[in-house]
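Participant: Submitted below is the structure of interest, expressed as structure tokens.
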Amino acid sequence: MTPRTSSAAWVRGIADMFAAEGLPAADLCTEAGIDLPALLQQQTRVDVDRVSRLWEAAAARYGRPGLGLARDLAARYGNVDLVGYALASGPNLLIGFEHLQRHMALISDATTFEMRRDPRGQGHWLAISHIGASRPIPRQRIEFAVLTLFTLCCWLTRRDLVPQAVELTTPPPQDDARYRVAFGVMPRFGQPANRFLLADADLLAPIPTHNPSLWALHERMVESELDQLGQTLASTRVRTEIARVLHLGEPRREDIAARLHLTDRTLQRRLQAESVSYQQLLDDTRCELARQHLSDARRSLGEIADLLGFADQSNLFRACKRWFGMPPGQYRAQVLHPEPEAAS
């Protein structure tokens, strides 16, 4: 499986944000194995685990809750680059974010974005999740990504929006003062997803910078860059969609085809042209997510089985024996407590 990565523009923005927080950005990048000068090159991509190591190193030096949790920091340093220009030329958030569900891969194919109607009819939930990591995703990375998305909503509409609710998977912090100021409401912690709820009136408000010609141009440019990254391949799109819905249960091929606005037969034909089967993509995605979830000590094996869409925990055990040659508990122990290398 191709390693998942983030764009140079996004990682460079994070490094600049750390500098604004008084941290030594160059030293942190070196510690994480990131070539800081290379981030000036547009085509540079950074491995998902190195981005996490960068956040880990920064959080350790920062030494207190809320690293990066300020709207001015998210607005200035949350660099979404070309995707942001496309959104700014679109008609409203609702339509723009329907495109963002695919375009997010340009910012980071280790991040998925999903917009879902609130079942009580109060608006739409905008959710972000991270995939493809072999180490836990630092809470600061998760929280900054959610805040950046919310701040982007405010910037695009030129309105001081207030979310109806904010939910985070992270545990309650020791000091939550910065969270309330950043989001406008106190987030609910320890929730199943990282997301916030916006009213439909906010999502449908016209974007002042809407320009149909520029929007069409930016959309073509985004699609061209996605094509260069291999993000327009049917197999890549299928894996992303599987990752989005796997926690709801094992998705059928026809369900994924519908989410991609394809017929089942068309999807099957495209996958055959890429010499891959739907079942293999399902298994690869489960394996990728299993590595990530098993590295998070807070998740029980039963919870992980549910997140991978398995009917019961025994299926997780059999799959891990096939993927890793050992049961999930043993694999987790090796990841969380690796044995020191023997001296040569």
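In the structure tokens, chains take letters A, B, ... by order of appearance, with residues numbered from 1 within each chain and ligands from 1 in the order shown.
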When you look at Ala25 (chain A) with a cut-off of 9 Å (counting only C-alpha atoms), what residues show up, excluding the ones that are within fewer than 2 positions of it in the same chain? I need them as a list in words.

Facilitator: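 Here the answer would be Ile14, Ala15, Asp16, Met17, Phe18, Ala19, Gly22, Leu23, Asp27, Leu28, Cys29, Thr30, Leu36 and Ala58 of chain A.
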
Participant: How close does region 43-142 of chain A get to region 211-223 of chain A? List, as a Markdown table, each residue of region 43-142 of chain A within 6 Å, its nearest atom pair and the distance in Å to one decimal, counting only C-alpha atoms.

Facilitator:
| residue | atom | partner | partner_atom | distance |
| --- | --- | --- | --- | --- |
| A:Ala86 | CA | A:His218 | CA | 5.0 |
| A:Ser89 | CA | A:Trp215 | CA | 4.8 |
| A:Gly90 | CA | A:Trp215 | CA | 5.5 |

Participant: Check which residues of region 152-182 of chain A sit at most 9 Å from region 120-140 of chain A using only C-alpha atoms, and return one row each with the closest pair of atoms and their distance in Å to one decimal, ordered by chain and rising number, as JSON lines.

Facilitator:
{"residue": "A:Gln164", "atom": "CA", "partner": "A:Gln122", "partner_atom": "CA", "distance": 8.5}
{"residue": "A:Ala165", "atom": "CA", "partner": "A:Trp125", "partner_atom": "CA", "distance": 9.0}
{"residue": "A:Thr169", "atom": "CA", "partner": "A:Arg139", "partner_atom": "CA", "distance": 8.5}
{"residue": "A:Thr170", "atom": "CA", "partner": "A:Arg139", "partner_atom": "CA", "distance": 6.1}
{"residue": "A:Pro171", "atom": "CA", "partner": "A:Arg139", "partner_atom": "CA", "distance": 8.7}

Participant: Keeping only all heavy atoms, write the selected residues to a file as a PDB file, in the first residue's frame.

Facilitator:
ATOM      1  N   GLN A 164     -23.316  24.765  16.411  1.00  0.00           N
ATOM      2  CA  GLN A 164     -24.344  24.330  17.349  1.00  0.00           C
ATOM      3  C   GLN A 164     -23.795  23.302  18.330  1.00  0.00           C
ATOM      4  O   GLN A 164     -24.312  23.173  19.440  1.00  0.00           O
ATOM      5  CB  GLN A 164     -25.526  23.750  16.577  1.00  0.00           C
ATOM      6  CG  GLN A 164     -26.198  24.769  15.671  1.00  0.00           C
ATOM      7  CD  GLN A 164     -27.467  24.233  15.038  1.00  0.00           C
ATOM      8  OE1 GLN A 164     -28.283  23.606  15.702  1.00  0.00           O
ATOM      9  NE2 GLN A 164     -27.638  24.472  13.749  1.00  0.00           N
ATOM     10  N   ALA A 165     -22.762  22.598  17.924  1.00  0.00           N
ATOM     11  CA  ALA A 165     -22.112  21.627  18.802  1.00  0.00           C
ATOM     12  C   ALA A 165     -20.754  21.283  18.212  1.00  0.00           C
ATOM     13  O   ALA A 165     -20.561  21.357  16.990  1.00  0.00           O
ATOM     14  CB  ALA A 165     -22.955  20.360  18.952  1.00  0.00           C
ATOM     15  N   THR A 169     -12.942  13.288  19.732  1.00  0.00           N
ATOM     16  CA  THR A 169     -12.644  11.950  20.256  1.00  0.00           C
ATOM     17  C   THR A 169     -11.652  12.019  21.410  1.00  0.00           C
ATOM     18  O   THR A 169     -11.500  11.057  22.155  1.00  0.00           O
ATOM     19  CB  THR A 169     -12.057  11.059  19.155  1.00  0.00           C
ATOM     20  OG1 THR A 169     -10.842  11.653  18.654  1.00  0.00           O
ATOM     21  CG2 THR A 169     -13.038  10.877  18.013  1.00  0.00           C
ATOM     22  N   THR A 170     -10.981  13.139  21.567  1.00  0.00           N
ATOM     23  CA  THR A 170      -9.927  13.262  22.570  1.00  0.00           C
ATOM     24  C   THR A 170     -10.518  13.366  23.982  1.00  0.00           C
ATOM     25  O   THR A 170     -11.647  13.822  24.154  1.00  0.00           O
ATOM     26  CB  THR A 170      -9.071  14.508  22.272  1.00  0.00           C
ATOM     27  OG1 THR A 170      -9.925  15.654  22.145  1.00  0.00           O
ATOM     28  CG2 THR A 170      -8.308  14.329  20.970  1.00  0.00           C
ATOM     29  N   PRO A 171      -9.746  12.950  24.989  1.00  0.00           N
ATOM     30  CA  PRO A 171     -10.259  13.031  26.366  1.00  0.00           C
ATOM     31  C   PRO A 171     -10.282  14.475  26.856  1.00  0.00           C
ATOM     32  O   PRO A 171      -9.609  15.348  26.280  1.00  0.00           O
ATOM     33  CB  PRO A 171      -9.251  12.191  27.167  1.00  0.00           C
ATOM     34  CG  PRO A 171      -7.984  12.252  26.366  1.00  0.00           C
ATOM     35  CD  PRO A 171      -8.420  12.306  24.930  1.00  0.00           C
TER      36      PRO A 171
END

Participant: Which is closer to Ala193 (chain A) than all the others in A:Leu168, A:Ala145, A:Leu226, A:Ile207, using only C-alpha atoms?

Facilitator: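 Smallest distance to Ala193 (chain A) is found for A:Leu168.
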
Participant: Pull the closest atom pair for each residue of region 93-201 of chain A that gets at most 12 Å from region 230-248 of chain A, along with the distance in Å to one decimal, counting only C-alpha atoms, ordering rows by chain and then ascending residue number, as CSV.

Facilitator:
residue,atom,partner,partner_atom,distance
A:Gln101,CA,A:Glu241,CA,9.7
A:Arg102,CA,A:Arg237,CA,8.2
A:His103,CA,A:Gln231,CA,9.1
A:Met104,CA,A:Gln231,CA,10.3
A:Ala105,CA,A:Gln231,CA,7.2
A:Leu106,CA,A:Gln231,CA,8.3
A:Ile107,CA,A:Gln231,CA,11.7
A:Ser108,CA,A:Gln231,CA,10.9
A:Asp109,CA,A:Gln231,CA,8.5
A:Ala110,CA,A:Thr240,CA,9.5
A:Thr111,CA,A:Thr240,CA,9.4
A:Thr112,CA,A:Arg244,CA,7.1
A:Phe113,CA,A:Arg244,CA,8.3
A:Glu114,CA,A:Arg244,CA,7.6
A:Met115,CA,A:Arg244,CA,10.8
A:Arg116,CA,A:Arg244,CA,11.5
A:Ala127,CA,A:Arg244,CA,10.1
A:Ile128,CA,A:Arg244,CA,9.7
A:Ser129,CA,A:Arg244,CA,8.4
A:His130,CA,A:Ala243,CA,9.6
A:Ile131,CA,A:Ala243,CA,7.8
A:Gly132,CA,A:Ala243,CA,9.8
A:Pro192,CA,A:His247,CA,10.1
A:Ala193,CA,A:His247,CA,10.7
